[in-house]
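J.: For reference, this is work_5.cif, and it has mmCIF, C-alpha atoms and all ligand atoms.
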```
data_work
loop_
_atom_site.label_atom_id
_atom_site.label_comp_id
_atom_site.auth_asym_id
_atom_site.auth_seq_id
_atom_site.Cartn_x
_atom_site.Cartn_y
_atom_site.Cartn_z
CA MET A 1 0.00 0.00 0.00
CA SER A 2 1.16 3.58 -0.63
CA LEU A 3 0.75 6.22 2.08
CA ALA A 4 1.52 9.93 1.98
CA ILE A 5 2.28 12.46 4.70
CA MET A 6 1.80 16.24 4.73
CA THR A 7 2.16 19.02 7.27
CA SER A 8 -0.60 21.62 7.32
CA GLY A 9 -1.44 24.88 9.13
CA GLY A 10 0.98 26.60 11.53
CA ASP A 11 4.27 24.70 11.62
CA SER A 12 5.55 23.36 14.92
CA ALA A 13 8.70 21.67 16.16
CA GLY A 14 8.25 17.91 16.05
CA MET A 15 6.96 17.88 12.49
CA ASN A 16 10.37 16.90 11.09
CA PRO A 17 10.86 14.01 13.53
CA ALA A 18 7.35 12.90 12.53
CA ILE A 19 8.26 12.97 8.82
CA LYS A 20 11.39 10.95 9.52
CA ARG A 21 9.50 8.34 11.50
CA PHE A 22 6.84 8.19 8.78
CA VAL A 23 9.29 7.30 6.01
CA GLU A 24 11.28 4.86 8.14
CA TYR A 25 8.31 3.09 9.69
CA ALA A 26 6.44 2.84 6.39
CA TYR A 27 9.38 0.98 4.83
CA GLU A 28 9.74 -1.12 7.99
CA VAL A 29 6.16 -2.41 7.69
CA GLY A 30 6.38 -2.88 3.92
CA GLU A 31 4.42 0.20 2.78
CA THR A 32 5.50 2.85 0.28
CA PRO A 33 5.84 6.38 1.72
CA TYR A 34 5.15 9.53 -0.29
CA LEU A 35 5.88 13.10 0.77
CA ILE A 36 3.47 15.93 -0.03
CA TYR A 37 5.15 19.36 -0.03
CA ASP A 38 3.38 22.65 0.84
CA GLY A 39 0.44 21.07 2.67
CA LEU A 40 -3.01 21.08 1.06
CA GLU A 41 -1.80 23.55 -1.58
CA GLY A 42 0.85 21.04 -2.64
CA LEU A 43 -1.71 18.26 -2.72
CA ILE A 44 -3.69 20.33 -5.23
CA ASP A 45 -0.60 21.33 -7.21
CA ASP A 46 0.83 17.81 -7.35
CA LYS A 47 3.95 18.42 -5.26
CA ILE A 48 4.09 14.77 -4.30
CA PHE A 49 7.27 12.70 -4.30
CA LEU A 50 8.30 9.21 -3.32
CA GLY A 51 9.99 9.36 0.11
CA ASP A 52 13.54 8.10 0.33
CA LEU A 53 15.40 7.29 3.53
CA ARG A 54 18.05 9.84 2.49
CA ASP A 55 15.38 12.59 2.44
CA VAL A 56 14.91 12.24 6.17
CA ASP A 57 18.47 11.48 7.30
CA ASP A 58 19.30 14.94 8.51
CA ILE A 59 16.03 16.36 9.81
CA ILE A 60 15.31 15.01 13.30
CA TYR A 61 16.95 18.00 15.03
CA ARG A 62 15.44 20.70 12.82
CA GLY A 63 12.45 22.90 13.75
CA GLY A 64 9.70 23.76 11.26
CA THR A 65 8.89 21.26 8.54
CA ILE A 66 11.01 20.27 5.54
CA LEU A 67 7.73 19.61 3.72
CA ARG A 68 6.68 23.21 4.36
CA SER A 69 3.09 24.06 5.16
CA SER A 70 0.15 26.18 4.05
CA ARG A 71 -3.35 27.26 4.93
CA SER A 72 -5.38 26.52 1.79
CA LYS A 73 -8.53 28.37 0.75
CA ARG A 74 -8.69 26.50 -2.55
CA PHE A 75 -9.21 23.17 -0.76
CA PHE A 76 -12.69 24.39 0.25
CA ASP A 77 -13.60 24.17 -3.43
CA ILE A 78 -14.65 20.69 -4.67
CA GLU A 79 -12.95 21.31 -8.06
CA TYR A 80 -9.56 21.64 -6.35
CA ARG A 81 -10.25 18.68 -4.09
CA LYS A 82 -10.98 16.63 -7.22
CA LYS A 83 -7.64 17.75 -8.65
CA ALA A 84 -5.97 16.68 -5.40
CA TYR A 85 -7.71 13.32 -5.54
CA ASN A 86 -6.52 12.69 -9.12
CA ASN A 87 -2.93 13.43 -8.03
CA LEU A 88 -3.18 10.68 -5.43
CA LYS A 89 -5.01 8.29 -7.72
CA LYS A 90 -2.43 8.38 -10.50
CA ARG A 91 0.23 7.29 -8.00
CA GLU A 92 -2.07 4.78 -6.32
CA ILE A 93 -1.67 6.54 -2.96
CA GLU A 94 -4.46 5.13 -0.84
CA LYS A 95 -4.13 6.77 2.56
CA LEU A 96 -2.88 9.98 4.13
CA VAL A 97 -1.26 11.13 7.35
CA VAL A 98 -1.67 14.83 8.16
CA VAL A 99 0.17 16.65 10.92
CA GLY A 100 -1.63 19.88 11.79
CA GLY A 101 -4.54 21.44 13.62
CA ASP A 102 -8.27 20.79 13.66
CA GLY A 103 -8.87 22.96 10.57
CA SER A 104 -6.61 20.64 8.57
CA PHE A 105 -8.37 17.58 9.99
CA ARG A 106 -11.77 18.98 9.00
CA ALA A 107 -10.50 19.60 5.47
CA LEU A 108 -9.21 16.03 5.20
CA ASN A 109 -12.44 14.70 6.64
CA GLN A 110 -14.36 16.46 3.88
CA PHE A 111 -11.92 14.90 1.38
CA TYR A 112 -12.57 11.48 2.94
CA HIS A 113 -16.33 11.94 2.49
CA ASP A 114 -15.84 13.15 -1.10
CA PHE A 115 -13.46 10.45 -2.33
CA GLN A 116 -13.14 7.87 0.45
CA VAL A 117 -9.43 8.51 1.01
CA PRO A 118 -8.78 7.48 4.63
CA PHE A 119 -6.52 9.67 6.75
CA ALA A 120 -4.98 9.74 10.20
CA GLY A 121 -4.57 13.12 11.90
CA ILE A 122 -1.64 13.92 14.16
CA PRO A 123 -2.11 16.98 16.40
CA GLY A 124 0.62 19.50 15.63
CA THR A 125 0.27 23.09 16.88
CA ILE A 126 2.00 25.11 19.56
CA ASP A 127 -1.43 26.32 20.73
CA ASN A 128 -2.29 22.96 22.35
CA ASP A 129 -5.93 23.70 21.61
CA ILE A 130 -7.13 20.45 20.03
CA ASN A 131 -9.99 18.82 21.86
CA GLY A 132 -9.49 15.18 22.86
CA THR A 133 -5.71 15.28 23.28
CA ASP A 134 -3.63 16.56 26.17
CA TYR A 135 -0.68 17.16 23.87
CA CYS A 136 0.06 18.53 20.41
CA LEU A 137 3.46 18.27 18.72
CA GLY A 138 5.61 21.35 19.21
CA VAL A 139 4.18 22.50 22.53
CA ASP A 140 7.12 21.39 24.66
CA THR A 141 9.61 23.04 22.32
CA ALA A 142 7.58 26.28 22.30
CA LEU A 143 7.39 26.24 26.11
CA ASN A 144 11.14 25.85 26.31
CA VAL A 145 11.68 28.76 23.91
CA ILE A 146 9.43 30.88 26.12
CA ARG A 147 11.21 29.71 29.29
CA THR A 148 14.60 30.68 27.87
CA SER A 149 13.26 34.07 26.78
CA ILE A 150 11.73 34.83 30.17
CA ASP A 151 14.91 33.76 31.96
CA GLU A 152 16.82 36.22 29.77
CA VAL A 153 14.35 39.08 30.25
CA ARG A 154 14.62 38.51 33.98
CA ASP A 155 18.31 39.56 33.90
CA THR A 156 17.46 43.03 32.66
CA ALA A 157 14.26 43.24 34.72
CA TYR A 158 16.29 42.78 37.91
CA SER A 159 19.07 45.13 36.82
CA PHE A 160 16.63 47.98 36.12
CA ARG A 161 13.94 47.25 38.72
CA ARG A 162 11.40 47.05 35.92
CA ALA A 163 8.22 45.16 35.21
CA PHE A 164 8.18 43.07 32.04
CA VAL A 165 5.07 41.94 30.26
CA ILE A 166 5.81 38.92 28.07
CA GLU A 167 3.21 38.19 25.41
CA THR A 168 2.96 34.59 24.27
CA MET A 169 1.18 33.10 21.25
CA GLY A 170 -1.64 30.56 21.45
CA ARG A 171 -4.42 32.17 19.43
CA ASP A 172 -7.56 31.90 21.65
CA SER A 173 -5.95 29.49 24.08
CA GLY A 174 -4.15 30.47 27.27
CA TYR A 175 -2.25 27.20 27.52
CA LEU A 176 1.24 28.49 26.61
CA ALA A 177 0.88 31.52 28.89
CA MET A 178 -0.50 29.43 31.74
CA VAL A 179 2.31 26.86 31.77
CA SER A 180 4.97 29.52 31.13
CA ALA A 181 3.77 31.70 33.99
CA LEU A 182 3.89 28.78 36.39
CA SER A 183 7.28 27.55 35.25
CA ALA A 184 8.75 31.06 35.30
CA GLY A 185 7.31 31.94 38.71
CA ALA A 186 5.56 34.97 37.20
CA GLU A 187 3.69 37.43 39.39
CA ILE A 188 0.88 38.04 36.91
CA CYS A 189 -0.72 35.84 34.25
CA LEU A 190 -3.58 36.86 31.98
CA ILE A 191 -5.28 34.28 29.78
CA PRO A 192 -8.53 34.47 27.80
CA GLU A 193 -10.14 31.77 29.93
CA VAL A 194 -9.91 33.81 33.17
CA GLU A 195 -11.42 37.23 33.92
CA PRO A 196 -8.69 39.34 35.59
CA ASP A 197 -9.28 41.35 38.74
CA PHE A 198 -6.98 44.36 38.44
CA ALA A 199 -7.92 45.83 41.82
CA SER A 200 -6.71 42.66 43.55
CA ILE A 201 -3.55 42.52 41.44
CA LYS A 202 -2.83 46.10 42.52
CA GLN A 203 -3.34 45.32 46.19
CA ARG A 204 -1.19 42.18 46.07
CA LEU A 205 1.71 43.68 44.16
CA SER A 206 1.72 47.03 45.99
CA LYS A 207 2.31 45.08 49.18
CA ASP A 208 5.06 43.00 47.55
CA LEU A 209 6.81 46.11 46.23
CA LYS A 210 6.60 47.78 49.61
CA GLU A 211 8.16 44.68 51.14
CA GLY A 212 11.10 44.84 48.76
CA LYS A 213 10.14 43.07 45.55
CA ILE A 214 12.60 44.23 42.91
CA TYR A 215 10.95 43.38 39.59
CA ILE A 216 7.75 41.93 38.14
CA ILE A 217 7.22 39.34 35.43
CA ALA A 218 3.78 39.19 33.81
CA VAL A 219 2.90 36.57 31.19
CA VAL A 220 -0.01 37.48 28.92
CA ALA A 221 -1.62 35.29 26.26
CA GLU A 222 -2.07 37.03 22.89
CA GLY A 223 -5.76 36.02 22.97
CA THR A 224 -6.44 38.48 25.82
CA GLU A 225 -5.21 41.43 23.72
CA GLN A 226 -4.11 43.03 26.99
CA GLY A 227 -0.33 43.15 26.62
CA LYS A 228 -0.11 46.88 25.87
CA TYR A 229 -2.82 47.76 28.37
CA LEU A 230 -1.15 45.86 31.20
CA THR A 231 2.24 47.44 30.47
CA GLN A 232 0.76 50.94 30.80
CA TRP A 233 -1.34 49.86 33.79
CA LEU A 234 1.78 48.71 35.66
CA GLU A 235 3.34 52.15 35.15
CA ASP A 236 0.20 54.09 36.04
CA GLU A 237 -1.14 52.02 38.93
CA LEU A 238 2.00 50.58 40.48
CA GLY A 239 4.51 53.25 39.47
CA VAL A 240 6.94 50.69 38.07
CA GLU A 241 8.79 51.35 34.82
CA SER A 242 7.46 48.70 32.45
CA ARG A 243 8.29 47.17 29.08
CA LEU A 244 6.40 44.85 26.76
CA THR A 245 8.17 41.93 25.04
CA THR A 246 6.11 40.22 22.36
CA LEU A 247 7.78 36.89 21.69
CA GLY A 248 6.02 36.26 18.35
CA HIS A 249 7.11 33.63 15.89
CA ILE A 250 10.29 32.64 17.68
CA GLN A 251 7.92 30.43 19.69
CA ARG A 252 7.27 28.34 16.58
CA GLY A 253 10.98 27.72 15.94
CA GLY A 254 13.85 25.90 17.59
CA ASN A 255 15.16 22.35 17.64
CA PRO A 256 12.50 19.91 18.78
CA THR A 257 12.99 18.87 22.40
CA VAL A 258 13.49 15.22 23.35
CA PHE A 259 9.83 15.10 24.39
CA ASP A 260 8.65 16.34 20.99
CA ARG A 261 10.89 13.85 19.15
CA LEU A 262 9.51 10.96 21.19
CA GLN A 263 5.92 12.15 20.81
CA ALA A 264 6.42 12.40 17.05
CA PHE A 265 7.71 8.82 17.02
CA GLU A 266 4.68 7.50 18.90
CA PHE A 267 2.06 9.58 17.08
CA VAL A 268 3.30 8.42 13.68
CA THR A 269 3.55 4.79 14.74
CA TYR A 270 -0.06 4.92 15.92
CA ALA A 271 -1.16 6.76 12.77
CA ILE A 272 0.32 4.18 10.41
CA ASN A 273 -0.81 1.22 12.51
CA GLY A 274 -4.32 2.68 12.64
CA LEU A 275 -4.48 3.11 8.86
CA ILE A 276 -3.19 -0.42 8.28
CA ALA A 277 -5.81 -1.73 10.71
CA GLY A 278 -8.55 -0.04 8.64
CA ARG A 279 -9.20 3.19 10.56
CA THR A 280 -10.58 5.78 8.16
CA ASN A 281 -10.76 9.26 9.70
CA ASP A 282 -9.44 9.32 13.23
CA VAL A 283 -6.98 11.55 15.05
CA VAL A 284 -4.19 10.07 17.15
CA VAL A 285 -4.28 11.53 20.65
CA TYR A 286 -2.30 11.48 23.88
CA LYS A 287 -4.71 11.54 26.80
CA ASN A 288 -4.00 10.78 30.45
CA SER A 289 -0.52 9.54 29.45
CA LYS A 290 -1.91 7.04 26.94
CA TYR A 291 -2.05 7.05 23.14
CA GLY A 292 -5.30 6.34 21.37
CA TYR A 293 -7.62 7.42 18.57
CA VAL A 294 -10.59 9.76 18.63
CA PRO A 295 -13.11 10.45 15.89
CA ILE A 296 -12.71 13.68 13.99
CA GLU A 297 -16.09 14.93 15.26
CA GLU A 298 -14.80 14.97 18.83
CA VAL A 299 -11.62 16.79 17.88
CA SER A 300 -13.52 19.40 15.87
CA SER A 301 -15.88 20.28 18.66
CA GLN A 302 -15.00 22.56 21.55
CA PRO A 303 -16.26 22.12 25.13
CA SER A 304 -18.91 24.66 26.08
CA ASP A 305 -16.54 26.09 28.70
CA PRO A 306 -13.04 26.74 27.22
CA ARG A 307 -11.58 26.39 30.72
CA LEU A 308 -12.17 22.65 30.43
CA MET A 309 -9.46 22.49 27.76
CA LEU A 310 -6.86 23.42 30.39
CA ASN A 311 -5.23 21.36 33.12
CA GLN A 312 -7.47 22.15 36.10
CA ALA A 313 -4.71 22.17 38.73
CA TYR A 314 -2.62 24.62 36.69
CA LEU A 315 -5.70 26.72 35.98
CA LYS A 316 -6.36 27.06 39.70
CA GLU A 317 -2.84 28.36 40.27
CA VAL A 318 -3.07 30.76 37.38
CA GLU A 319 -6.32 32.19 38.70
CA LYS A 320 -4.29 33.41 41.70
CA LEU A 321 -2.01 35.27 39.28
CA SER A 322 -4.97 37.00 37.62
CA MET A 323 -6.17 38.58 40.83
O1 LIG A 401 -1.69 28.48 15.44
C1 LIG A 401 -0.33 28.71 15.63
C2 LIG A 401 -0.05 30.20 15.70
O2 LIG A 401 1.35 30.38 15.88
C3 LIG A 401 -0.84 30.96 16.77
O3 LIG A 401 -0.29 30.80 18.06
C4 LIG A 401 -0.77 32.37 16.25
O4 LIG A 401 -1.86 33.14 16.72
C5 LIG A 401 -0.85 32.15 14.76
O5 LIG A 401 -0.43 30.83 14.49
C6 LIG A 401 0.01 33.08 13.96
O6 LIG A 401 -0.29 32.86 12.62
P1 LIG A 401 0.64 33.37 11.43
O7 LIG A 401 1.84 32.48 11.41
O8 LIG A 401 -0.20 33.21 10.22
O9 LIG A 401 1.02 34.78 11.74
#
```
Produce structure tokens that represent the structure in this file.

T.:
Amino acid sequence: MSLAIMTSGGDSAGMNPAIKRFVEYAYEVGETPYLIYDGLEGLIDDKIFLGDLRDVDDIIYRGGTILRSSRSKRFFDIEYRKKAYNNLKKREIEKLVVVGGDGSFRALNQFYHDFQVPFAGIPGTIDNDINGTDYCLGVDTALNVIRTSIDEVRDTAYSFRRAFVIETMGRDSGYLAMVSALSAGAEICLIPEVEPDFASIKQRLSKDLKEGKIYIIAVVAEGTEQGKYLTQWLEDELGVESRLTTLGHIQRGGNPTVFDRLQAFEFVTYAINGLIAGRTNDVVVYKNSKYGYVPIEEVSSQPSDPRLMLNQAYLKEVEKLSM
């Protein structure tokens, strides 16, 4: 059987180790691996090549994705999906593995219903916002990039007795900010899932400053859109000179951590095994320290309360940093 892999949506560290495992494991179990470049756009434009072991020799340590990625509007159009299907058909590629977010999984699910091409989804996004899995590829690497950045900002924060507001990515999810605030010992954390209480923050930190606190670290998720506001607020309300550091796309880069390399290995093994066993449109997940499969419908839906997407013990701690 011939299988193909693509990476789709925002890139994340761990995608390259996943591509490597895909090619190696496919050959190991007697299947033929194909590589689709440029995500769904490349599937439409026929950028599909037979995978060779030499293609993946030198990629396990590299961030991003050697296959590149895209967010495709054309794939919403049945004419382009038909084109994509013909590209697979002429090479007799029967099944797909896609590493990406829930938007990519929904697109592939539509493709499955159109042309009955089974796929296995592998969660890959630094946002860690995919329902049904505790972990998405790239999150650990992003958290380590953020940790290093905050540790470095801390040097200048101390030296100048300043407050620093660090804005993290995550789209509508506060996951990256939440974990980063806890692991950096931040004094303030604002995430979209928690309503902040500025009066309490003022009371708490005024006391700390009076008792000798030298500098303040605040971690703010981009989804709150409060980075600039908080920076000014710290100056106006607490009288502390403040600076905003927006980390931006550096959070998507960097060599995959050991954890991301191992997760990539397991996710891909489960994806290929699932396809061989006859699964048609499931996503491989890591939940309560176990790997498994969940139907695409579950992954595409969001819990009514977004707070339920977060680790409840961490959330409780972070609430204390929002008040
Ligand atoms: O979904 C991953 C992500 O990095 C988000 O955290 C961020 O909001 C968004 O992508 C940025 O998108 P772009 O790379 O298109 O600027």

J.: Considering all atoms listed in the file, give me a table of residues in chain A that are at most 6 Å from ligand LIG 401 (chain A), with the closest atom pair and distance in Å for each, as JSON lines.

T.:
```
{"residue": "A:Gly10", "atom": "CA", "partner": "A:LIG401", "partner_atom": "C1", "distance": 4.8}
{"residue": "A:Thr125", "atom": "CA", "partner": "A:LIG401", "partner_atom": "C1", "distance": 5.8}
{"residue": "A:Ile126", "atom": "CA", "partner": "A:LIG401", "partner_atom": "C1", "distance": 5.8}
{"residue": "A:Asp127", "atom": "CA", "partner": "A:LIG401", "partner_atom": "O3", "distance": 5.3}
{"residue": "A:Met169", "atom": "CA", "partner": "A:LIG401", "partner_atom": "O3", "distance": 4.2}
{"residue": "A:Gly170", "atom": "CA", "partner": "A:LIG401", "partner_atom": "O3", "distance": 3.7}
{"residue": "A:Arg171", "atom": "CA", "partner": "A:LIG401", "partner_atom": "O4", "distance": 3.9}
```

J.: Can you tell me how far atom CA of Val240 of chain A sits from atom CA of Ile166 of chain A, in Å to one decimal?

T.: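 Separation between atom CA of Val240 of chain A and atom CA of Ile166 of chain A: 15.5 Å.
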
J.: Using all atoms listed in the file, determine which residues lie at most 12 Å from Ser2 of chain A, disregarding the query and same-chain residues fewer than 4 positions distant; provide the list as a compact mmCIF listing (two decimals) with C-alpha atoms, keeping the file's coordinate frame.

T.:
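Result file result-v2.txt:
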```txt
# COMPACT_ATOMS: atom_id res chain seq x y z
CA PHE A 22 6.84 8.19 8.78
CA VAL A 23 9.29 7.30 6.01
CA ALA A 26 6.44 2.84 6.39
CA TYR A 27 9.38 0.98 4.83
CA VAL A 29 6.16 -2.41 7.69
CA GLY A 30 6.38 -2.88 3.92
CA GLU A 31 4.42 0.20 2.78
CA THR A 32 5.50 2.85 0.28
CA PRO A 33 5.84 6.38 1.72
CA TYR A 34 5.15 9.53 -0.29
CA LEU A 35 5.88 13.10 0.77
CA PHE A 49 7.27 12.70 -4.30
CA LEU A 50 8.30 9.21 -3.32
CA GLY A 51 9.99 9.36 0.11
CA LEU A 88 -3.18 10.68 -5.43
CA LYS A 89 -5.01 8.29 -7.72
CA LYS A 90 -2.43 8.38 -10.50
CA ARG A 91 0.23 7.29 -8.00
CA GLU A 92 -2.07 4.78 -6.32
CA ILE A 93 -1.67 6.54 -2.96
CA GLU A 94 -4.46 5.13 -0.84
CA LYS A 95 -4.13 6.77 2.56
CA LEU A 96 -2.88 9.98 4.13
CA VAL A 97 -1.26 11.13 7.35
CA VAL A 117 -9.43 8.51 1.01
CA PRO A 118 -8.78 7.48 4.63
CA ILE A 272 0.32 4.18 10.41
CA LEU A 275 -4.48 3.11 8.86
CA ILE A 276 -3.19 -0.42 8.28
```

J.: Could you tell me which of A:Asn273, A:Ser159, A:Gln312, A:Ser72 comes closest to Tyr293 of chain A if we count all atoms listed in the file?

T.: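 Ranked by minimum distance to Tyr293 of chain A, first place goes to A:Asn273.
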
J.: Interatomic distance between atom CA of Asp38 of chain A and atom CA of Gln116 of chain A?

T.: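 These two atoms are separated by 22.2 Å.
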
J.: Closest to Thr245 of chain A among A:Arg261, A:Arg71, A:Lys228, A:Lys82, using all atoms listed in the file?

T.: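 Among the listed residues, A:Lys228 lies closest to Thr245 of chain A.
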
J.: Hey, can you pull every residue with an atom no more than 10 Å from (0.0, 50.7, 41.6), using only C-alpha atoms, and send it as a list of chain:residue names?

T.: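 Applying the cut-off with only C-alpha atoms, one gets A:Phe198, A:Ala199, A:Ile201, A:Lys202, A:Gln203, A:Arg204, A:Leu205, A:Ser206, A:Lys207, A:Leu209, A:Trp233, A:Leu234, A:Glu235, A:Asp236, A:Glu237, A:Leu238, A:Gly239, A:Val240.
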
J.: Between A:Lys320, A:Lys47, A:Lys83, A:Arg21, which residue has the minimum interatomic distance to Ile60 of chain A, considering all atoms listed in the file?

T.: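 Using all atoms listed in the file, Ile60 of chain A sits closest to A:Arg21.
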
J.: So, with all atoms listed in the file as the atoms that count, which of A:Thr231, A:Asn128, A:Thr7, A:Thr168 lies closest to Met309 of chain A?

T.: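 Comparing A:Thr231, A:Asn128, A:Thr7, A:Thr168 against Met309 of chain A, the winner is A:Asn128.
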
J.: How far is it from atom CA of Phe75 of chain A to atom CA of Val285 of chain A, in Å with one decimal?

T.: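 So the two atoms, atom CA of Phe75 of chain A and atom CA of Val285 of chain A, lie 24.9 Å apart.
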